[in-house]
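One structure is given below, encoded as structure tokens.
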Amino acid sequence: MTFLEGLRGPDDLRELSDAECDVLAKEIRDELISKVSAVGGHLGPNLGVVELTMAIHRVFKSPRDTVLFDVGHQSYVHKLLTGRLAGFDTLRQWGGMSGYPSREESPHDVIENSHASAALSWADGIAKANQLRGKNDRHVVTVVGDGALTGGLAWEALNTIAADESTPPRKMVIVVNDNGRSYAPTVGGFATHLDSLRTSSSYEKILSWGKERLQEGGIPGRYAYSAMHGMKKGLKDMVTTPSPQAGMFDELGIKYIGPVDGHDLEALQRALTLAKQYDAGPVIVHALTQKGHGYAPAYNDDADQFHAVGVIDPSTGKAKPTVGTSWTEVFGKEIVEIARKRDDIVAITAAMLQPVGLKEFADEFPDRVFDVGIAEQHAVASAAGLSFGGLHPVVCLYATFLNRAFDQVLMDVALHKQGVTFVLDRAGVTGPDGASHHGVWDMAMLRIVPGLQLAAPRDATRLVEELREAVEVEDAPTVVRFSRGKVGREFEALRRTEDGVDVLADVPEDCSEDVLIVSVGALADRALAVRDELASRGIGAMVVDPRWVLPVPQSVIERGAEFSLVAVIEDGIKIGGIGSQIRQELREDRSRTGVVELGVPDEFLPQGTREEVLSYAGMDVSDMVDDILRMLPGAERHLREAR
């Protein structure tokens, strides 16, 4: 039996010797490479936190001590150390282990959402709750990494944490997982001794006494304290490797330990033990890690050290061949073509340049692309400024991450009528990344933004077409949303109305006008299949694709009033979605036509393939036909006639 197979939880980990832990670290890396290469996932970040996660669980006692991950995709090692090896081969699959912390899986997991920069706020709240409930012996340990400190929310939390003067001080340890490879680790025994000195209670008491006594001495005393404080800082800089983080955290008033080699288990345990023993407030432990550590294909990947991979060959790291072109690739090529013709086109992304398809754009127009880090609010407000300055910004985000910047879309872009285009990748049901990554809220959320125009292309040709139309709008926000994965086949229209609606299929000649099917985005194949199934039952249906679904084209409302029922098929939440908008506009038009919203339920959807999740959501063709029949006036008559 391997050490990994024998781990039932962190208690077992603490029983191992340092030498046994070295073997365990290799076993964990082998397990990560084997299992993640088979199903895809965040490989590089987890290879980089093996020793760090082991050290945390050896020094602290989860779940009594709360361990938080920001961001959650670096929690695979944590899962293995907390007794979840048996289910690891189901990672990110339907009914399997989540790619993020999950309370359903373990009491060791706390924050389930995978939107970065929020964990320090959670930590602040948990630490306050511990104090108010008399649990002053419990620590809150937050691992902050993969750019989470570029998010403004993290700094709002740090500002609050640093200002805390409660008695007794709250027990908080913030582990900065720094895998940016920007700083060298501190070396030498004296530097280690200095960390120990700075976190000792006697050192803090002397500093506090000196500060109080000298500042009581009026202006001369304050000058003396300032000079001594400066000498202390200068001495520290002389014997340690200076780092911007150290100065930054010192200015905040948070005790700082590091930098520490994030792959030296002994050094990490020593630093974390010092932090645990410190009893005068929060402590930062700065760990230098290496994404992809221990796996040459990941470490040698210049792009992102295998931050996230699909199915790969574990021996070489090469991706398994796939057939077809992705939505992201179509967008990436077209935005470059547009930018070649228009020098006012600029692109903005939030730490996702490659995943949203901007690499080719950045290679050709490096001065016209802005990666602002994990800061979606800033990205959108900055885009408003770029628009005001005479440019046309294209803000490229995963659909789920636009949730964070809704206020800026509403108040900075729409209110000011700025021409900004939002390109939302991974819109709708996305698959294995789970509840917080499904991009199903965007249409319902954006529906209430005055003046906003939203396009949902059904295929590659329409994506190119609608993106070109979007960047021509200069006085309102425009949105182009598309799915994850391969584009699939083209769906040519029979004709296009004057207001841009594509008719994909007419009512069969031998049927009456019973149902108008409104197909939104990449669901045209299902919409046409529903139409054919209804026709086989003697029920006539027309299929239209509005292309621009917000605002709803007038011809859709006018045509809908001529049918007995309008069925709206959309891969967004049906409460407040496009179907709800059409229902409202039909009522305002005094139409009695009913509407059936065939979208996803208003709940957090599970992980799985896109097909599995759509089936769970009741969007299989047979399920949608049944829903239409339940709502269609006189459907039973049609069925009797069909028989």
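Following the order of the structure tokens, chains are lettered A, B, ..., residues in each are numbered from 1, and ligands are numbered from 1.
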
Within 12 Å of Leu85 of chain A, counting only C-alpha atoms, which residues qualify if same-chain residues fewer than 6 places away don't, as a ChimeraX atom specification?
/A:2-9,27-28,31-32,35,76-79,91,97,105

Members of segment 333-461 of chain A assigned strand (DSSP E or B) by DSSP, as a PyMOL selection string:
chain A and resi 345-349+369-371+392-398+421-425+428+439+453-455

Exercise: Asp371 of chain A partners within 6 Å, only C-alpha atoms, chain neighbours under 2 positions left out, as a PDB file with C-alpha atoms, in the first residue's frame:
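As a result, out-v8.pdb now contains:
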```pdb
ATOM      1  CA  ILE A 348      -9.560  43.871 -22.618  1.00  0.00           C
ATOM      2  CA  THR A 349      -9.449  40.684 -20.595  1.00  0.00           C
ATOM      3  CA  ALA A 350      -9.281  39.759 -16.919  1.00  0.00           C
ATOM      4  CA  ALA A 351      -6.354  37.324 -16.567  1.00  0.00           C
ATOM      5  CA  GLY A 373      -5.806  40.738 -13.899  1.00  0.00           C
TER       6      GLY A 373
END
```

Residues within 9 Å of Gln453 of chain A, please, as a PyMOL selection string. Count only C-alpha atoms; anything in the same chain fewer than 2 positions from it doesn't count.
chain A and resi 446-447+450-451+455+470+476-480+548-551

Need the shell around Phe69 of chain A: protein/DNA/RNA residues with any atom at most 8 Å away, counting only C-alpha atoms. Skip same-chain ones fewer than 4 positions apart. Format as a PDB file with N, CA, C and O atoms, in the first residue's frame?
```pdb
ATOM      1  N   GLN A  74      -7.166  25.180  -6.991  1.00  0.00           N
ATOM      2  CA  GLN A  74      -5.902  24.667  -6.449  1.00  0.00           C
ATOM      3  C   GLN A  74      -6.137  23.752  -5.246  1.00  0.00           C
ATOM      4  O   GLN A  74      -5.265  23.587  -4.402  1.00  0.00           O
ATOM      5  N   SER A  75      -7.312  23.105  -5.212  1.00  0.00           N
ATOM      6  CA  SER A  75      -7.673  22.282  -4.043  1.00  0.00           C
ATOM      7  C   SER A  75      -7.601  20.784  -4.298  1.00  0.00           C
ATOM      8  O   SER A  75      -8.007  19.996  -3.443  1.00  0.00           O
ATOM      9  N   ILE A 111     -15.549  27.012   0.934  1.00  0.00           N
ATOM     10  CA  ILE A 111     -16.011  27.886  -0.154  1.00  0.00           C
ATOM     11  C   ILE A 111     -16.127  27.087  -1.434  1.00  0.00           C
ATOM     12  O   ILE A 111     -15.134  26.568  -1.947  1.00  0.00           O
ATOM     13  N   ALA A 119     -11.949  34.891  -0.864  1.00  0.00           N
ATOM     14  CA  ALA A 119     -11.677  34.069   0.316  1.00  0.00           C
ATOM     15  C   ALA A 119     -11.245  34.879   1.529  1.00  0.00           C
ATOM     16  O   ALA A 119     -11.540  34.500   2.670  1.00  0.00           O
ATOM     17  N   THR A 142      -5.988  30.934   4.974  1.00  0.00           N
ATOM     18  CA  THR A 142      -6.448  31.231   3.621  1.00  0.00           C
ATOM     19  C   THR A 142      -5.286  31.128   2.652  1.00  0.00           C
ATOM     20  O   THR A 142      -4.276  31.817   2.812  1.00  0.00           O
ATOM     21  N   VAL A 143      -5.429  30.260   1.652  1.00  0.00           N
ATOM     22  CA  VAL A 143      -4.419  30.137   0.602  1.00  0.00           C
ATOM     23  C   VAL A 143      -4.861  31.014  -0.564  1.00  0.00           C
ATOM     24  O   VAL A 143      -5.896  30.777  -1.180  1.00  0.00           O
ATOM     25  N   VAL A 144      -4.074  32.047  -0.840  1.00  0.00           N
ATOM     26  CA  VAL A 144      -4.406  32.998  -1.901  1.00  0.00           C
ATOM     27  C   VAL A 144      -3.389  32.824  -3.023  1.00  0.00           C
ATOM     28  O   VAL A 144      -2.187  32.978  -2.801  1.00  0.00           O
TER      29      VAL A 144
END
```

So the first atom is atom CA of Ala339 of chain A and the second is atom CA of Gln354 of chain A; what is the distance between them in Å, to one decimal place?
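It comes out at 17.3 Å.
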
Please provide as number ranges by chain all residues within 6 Å of segment 302-305 of chain A, with the sequence filter that same-chain residues fewer than 2 positions apart are discarded (counting only C-alpha atoms).
A: 44, 291-292, 298-300, 307

Using all heavy atoms, can you export the residues from the last selection as a PDB file, in the first residue's frame?
```
ATOM      1  N   GLY A  44      -1.501  22.251 -13.652  1.00  0.00           N
ATOM      2  CA  GLY A  44      -0.339  23.026 -13.240  1.00  0.00           C
ATOM      3  C   GLY A  44      -0.443  23.628 -11.851  1.00  0.00           C
ATOM      4  O   GLY A  44       0.490  23.497 -11.045  1.00  0.00           O
ATOM      5  N   LYS A 291       4.335  26.649 -10.769  1.00  0.00           N
ATOM      6  CA  LYS A 291       3.273  25.911 -11.441  1.00  0.00           C
ATOM      7  C   LYS A 291       3.868  24.751 -12.229  1.00  0.00           C
ATOM      8  O   LYS A 291       4.888  24.899 -12.888  1.00  0.00           O
ATOM      9  CB  LYS A 291       2.529  26.836 -12.415  1.00  0.00           C
ATOM     10  CG  LYS A 291       1.250  27.415 -11.881  1.00  0.00           C
ATOM     11  CD  LYS A 291       0.512  28.149 -12.986  1.00  0.00           C
ATOM     12  CE  LYS A 291      -0.783  28.740 -12.470  1.00  0.00           C
ATOM     13  NZ  LYS A 291      -1.528  29.447 -13.524  1.00  0.00           N
ATOM     14  N   GLY A 292       3.213  23.610 -12.150  1.00  0.00           N
ATOM     15  CA  GLY A 292       3.694  22.456 -12.900  1.00  0.00           C
ATOM     16  C   GLY A 292       4.895  21.770 -12.293  1.00  0.00           C
ATOM     17  O   GLY A 292       5.508  20.920 -12.939  1.00  0.00           O
ATOM     18  N   ALA A 298       4.568  20.314 -18.086  1.00  0.00           N
ATOM     19  CA  ALA A 298       3.853  21.470 -17.530  1.00  0.00           C
ATOM     20  C   ALA A 298       4.805  22.616 -17.259  1.00  0.00           C
ATOM     21  O   ALA A 298       4.561  23.764 -17.659  1.00  0.00           O
ATOM     22  CB  ALA A 298       3.133  21.073 -16.239  1.00  0.00           C
ATOM     23  N   TYR A 299       5.918  22.310 -16.599  1.00  0.00           N
ATOM     24  CA  TYR A 299       6.859  23.369 -16.251  1.00  0.00           C
ATOM     25  C   TYR A 299       7.430  24.046 -17.494  1.00  0.00           C
ATOM     26  O   TYR A 299       7.667  25.253 -17.503  1.00  0.00           O
ATOM     27  CB  TYR A 299       7.995  22.796 -15.397  1.00  0.00           C
ATOM     28  CG  TYR A 299       9.055  23.809 -15.082  1.00  0.00           C
ATOM     29  CD1 TYR A 299       8.763  24.922 -14.302  1.00  0.00           C
ATOM     30  CD2 TYR A 299      10.344  23.684 -15.591  1.00  0.00           C
ATOM     31  CE1 TYR A 299       9.725  25.874 -14.025  1.00  0.00           C
ATOM     32  CE2 TYR A 299      11.318  24.628 -15.319  1.00  0.00           C
ATOM     33  CZ  TYR A 299      11.001  25.721 -14.533  1.00  0.00           C
ATOM     34  OH  TYR A 299      11.946  26.661 -14.267  1.00  0.00           O
ATOM     35  N   ASN A 300       7.630  23.290 -18.567  1.00  0.00           N
ATOM     36  CA  ASN A 300       8.224  23.835 -19.789  1.00  0.00           C
ATOM     37  C   ASN A 300       7.205  24.483 -20.714  1.00  0.00           C
ATOM     38  O   ASN A 300       7.571  24.965 -21.792  1.00  0.00           O
ATOM     39  CB  ASN A 300       8.970  22.734 -20.545  1.00  0.00           C
ATOM     40  CG  ASN A 300      10.185  22.248 -19.783  1.00  0.00           C
ATOM     41  OD1 ASN A 300      10.846  23.025 -19.098  1.00  0.00           O
ATOM     42  ND2 ASN A 300      10.488  20.952 -19.885  1.00  0.00           N
ATOM     43  N   HIS A 307      -1.962  25.417 -16.792  1.00  0.00           N
ATOM     44  CA  HIS A 307      -2.937  25.924 -15.818  1.00  0.00           C
ATOM     45  C   HIS A 307      -4.223  25.099 -15.875  1.00  0.00           C
ATOM     46  O   HIS A 307      -4.743  24.650 -14.855  1.00  0.00           O
ATOM     47  CB  HIS A 307      -3.246  27.390 -16.096  1.00  0.00           C
ATOM     48  CG  HIS A 307      -4.322  27.946 -15.220  1.00  0.00           C
ATOM     49  ND1 HIS A 307      -4.088  28.384 -13.935  1.00  0.00           N
ATOM     50  CD2 HIS A 307      -5.660  28.091 -15.418  1.00  0.00           C
ATOM     51  CE1 HIS A 307      -5.224  28.787 -13.392  1.00  0.00           C
ATOM     52  NE2 HIS A 307      -6.188  28.614 -14.267  1.00  0.00           N
TER      53      HIS A 307
END
```

Contact residues around Met443 of chain A with only C-alpha atoms at 10 Å, ignoring same-chain residues under 5 positions, as a PyMOL selection string:
chain A and resi 399+427-428+448+454-456+479+481+549-550+570-574+576-578

What are the nearest atom pairs, with distances in Å to one decimal, for all residues of segment 129-164 of chain A that come at most 8 Å from segment 169-172 of chain A, using only C-alpha atoms, set out by chain and rising residue number as a tab-separated table?
```
residue	atom	partner	partner_atom	distance
A:Gln131	CA	A:Arg170	CA	6.7
A:Asn136	CA	A:Arg170	CA	7.3
A:Asp137	CA	A:Lys171	CA	7.8
A:Arg138	CA	A:Lys171	CA	6.8
A:His139	CA	A:Lys171	CA	4.9
A:Val140	CA	A:Met172	CA	4.9
A:Val141	CA	A:Met172	CA	6.1
A:Thr142	CA	A:Met172	CA	7.9
A:Asp164	CA	A:Pro169	CA	7.9
```

Could you turn the residues from that selection into a file that holds N, CA, C and O atoms, as an mmCIF file, in the first residue's frame?
```
data_model
loop_
_atom_site.group_PDB
_atom_site.id
_atom_site.type_symbol
_atom_site.label_atom_id
_atom_site.label_comp_id
_atom_site.auth_asym_id
_atom_site.auth_seq_id
_atom_site.Cartn_x
_atom_site.Cartn_y
_atom_site.Cartn_z
ATOM 1 N N GLN A 131 -14.389 34.479 17.141
ATOM 2 C CA GLN A 131 -14.132 35.321 18.312
ATOM 3 C C GLN A 131 -15.409 35.578 19.101
ATOM 4 O O GLN A 131 -15.437 35.446 20.335
ATOM 5 N N ASN A 136 -11.570 31.008 20.471
ATOM 6 C CA ASN A 136 -10.344 31.768 20.239
ATOM 7 C C ASN A 136 -9.114 30.901 20.017
ATOM 8 O O ASN A 136 -8.022 31.420 19.792
ATOM 9 N N ASP A 137 -9.282 29.590 20.073
ATOM 10 C CA ASP A 137 -8.152 28.696 19.826
ATOM 11 C C ASP A 137 -8.124 28.210 18.380
ATOM 12 O O ASP A 137 -7.279 27.398 18.012
ATOM 13 N N ARG A 138 -9.037 28.693 17.570
ATOM 14 C CA ARG A 138 -9.141 28.213 16.184
ATOM 15 C C ARG A 138 -8.547 29.218 15.199
ATOM 16 O O ARG A 138 -8.740 30.418 15.340
ATOM 17 N N HIS A 139 -7.844 28.689 14.211
ATOM 18 C CA HIS A 139 -7.235 29.523 13.181
ATOM 19 C C HIS A 139 -8.058 29.461 11.892
ATOM 20 O O HIS A 139 -8.738 28.470 11.618
ATOM 21 N N VAL A 140 -7.962 30.521 11.126
ATOM 22 C CA VAL A 140 -8.496 30.541 9.769
ATOM 23 C C VAL A 140 -7.304 30.716 8.837
ATOM 24 O O VAL A 140 -6.581 31.706 8.917
ATOM 25 N N VAL A 141 -7.086 29.725 7.992
ATOM 26 C CA VAL A 141 -5.946 29.721 7.078
ATOM 27 C C VAL A 141 -6.466 29.902 5.656
ATOM 28 O O VAL A 141 -7.301 29.118 5.191
ATOM 29 N N THR A 142 -5.988 30.934 4.974
ATOM 30 C CA THR A 142 -6.448 31.231 3.621
ATOM 31 C C THR A 142 -5.286 31.128 2.652
ATOM 32 O O THR A 142 -4.276 31.817 2.812
ATOM 33 N N ASP A 164 -7.956 45.669 12.121
ATOM 34 C CA ASP A 164 -8.579 45.047 13.296
ATOM 35 C C ASP A 164 -7.726 45.230 14.548
ATOM 36 O O ASP A 164 -6.524 44.980 14.543
#
```

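Using only C-alpha atoms, the smallest distance between any of A:Val413, A:Val440, A:Ala460, A:Met624 and Asp475 of chain A comes from A:Val413.
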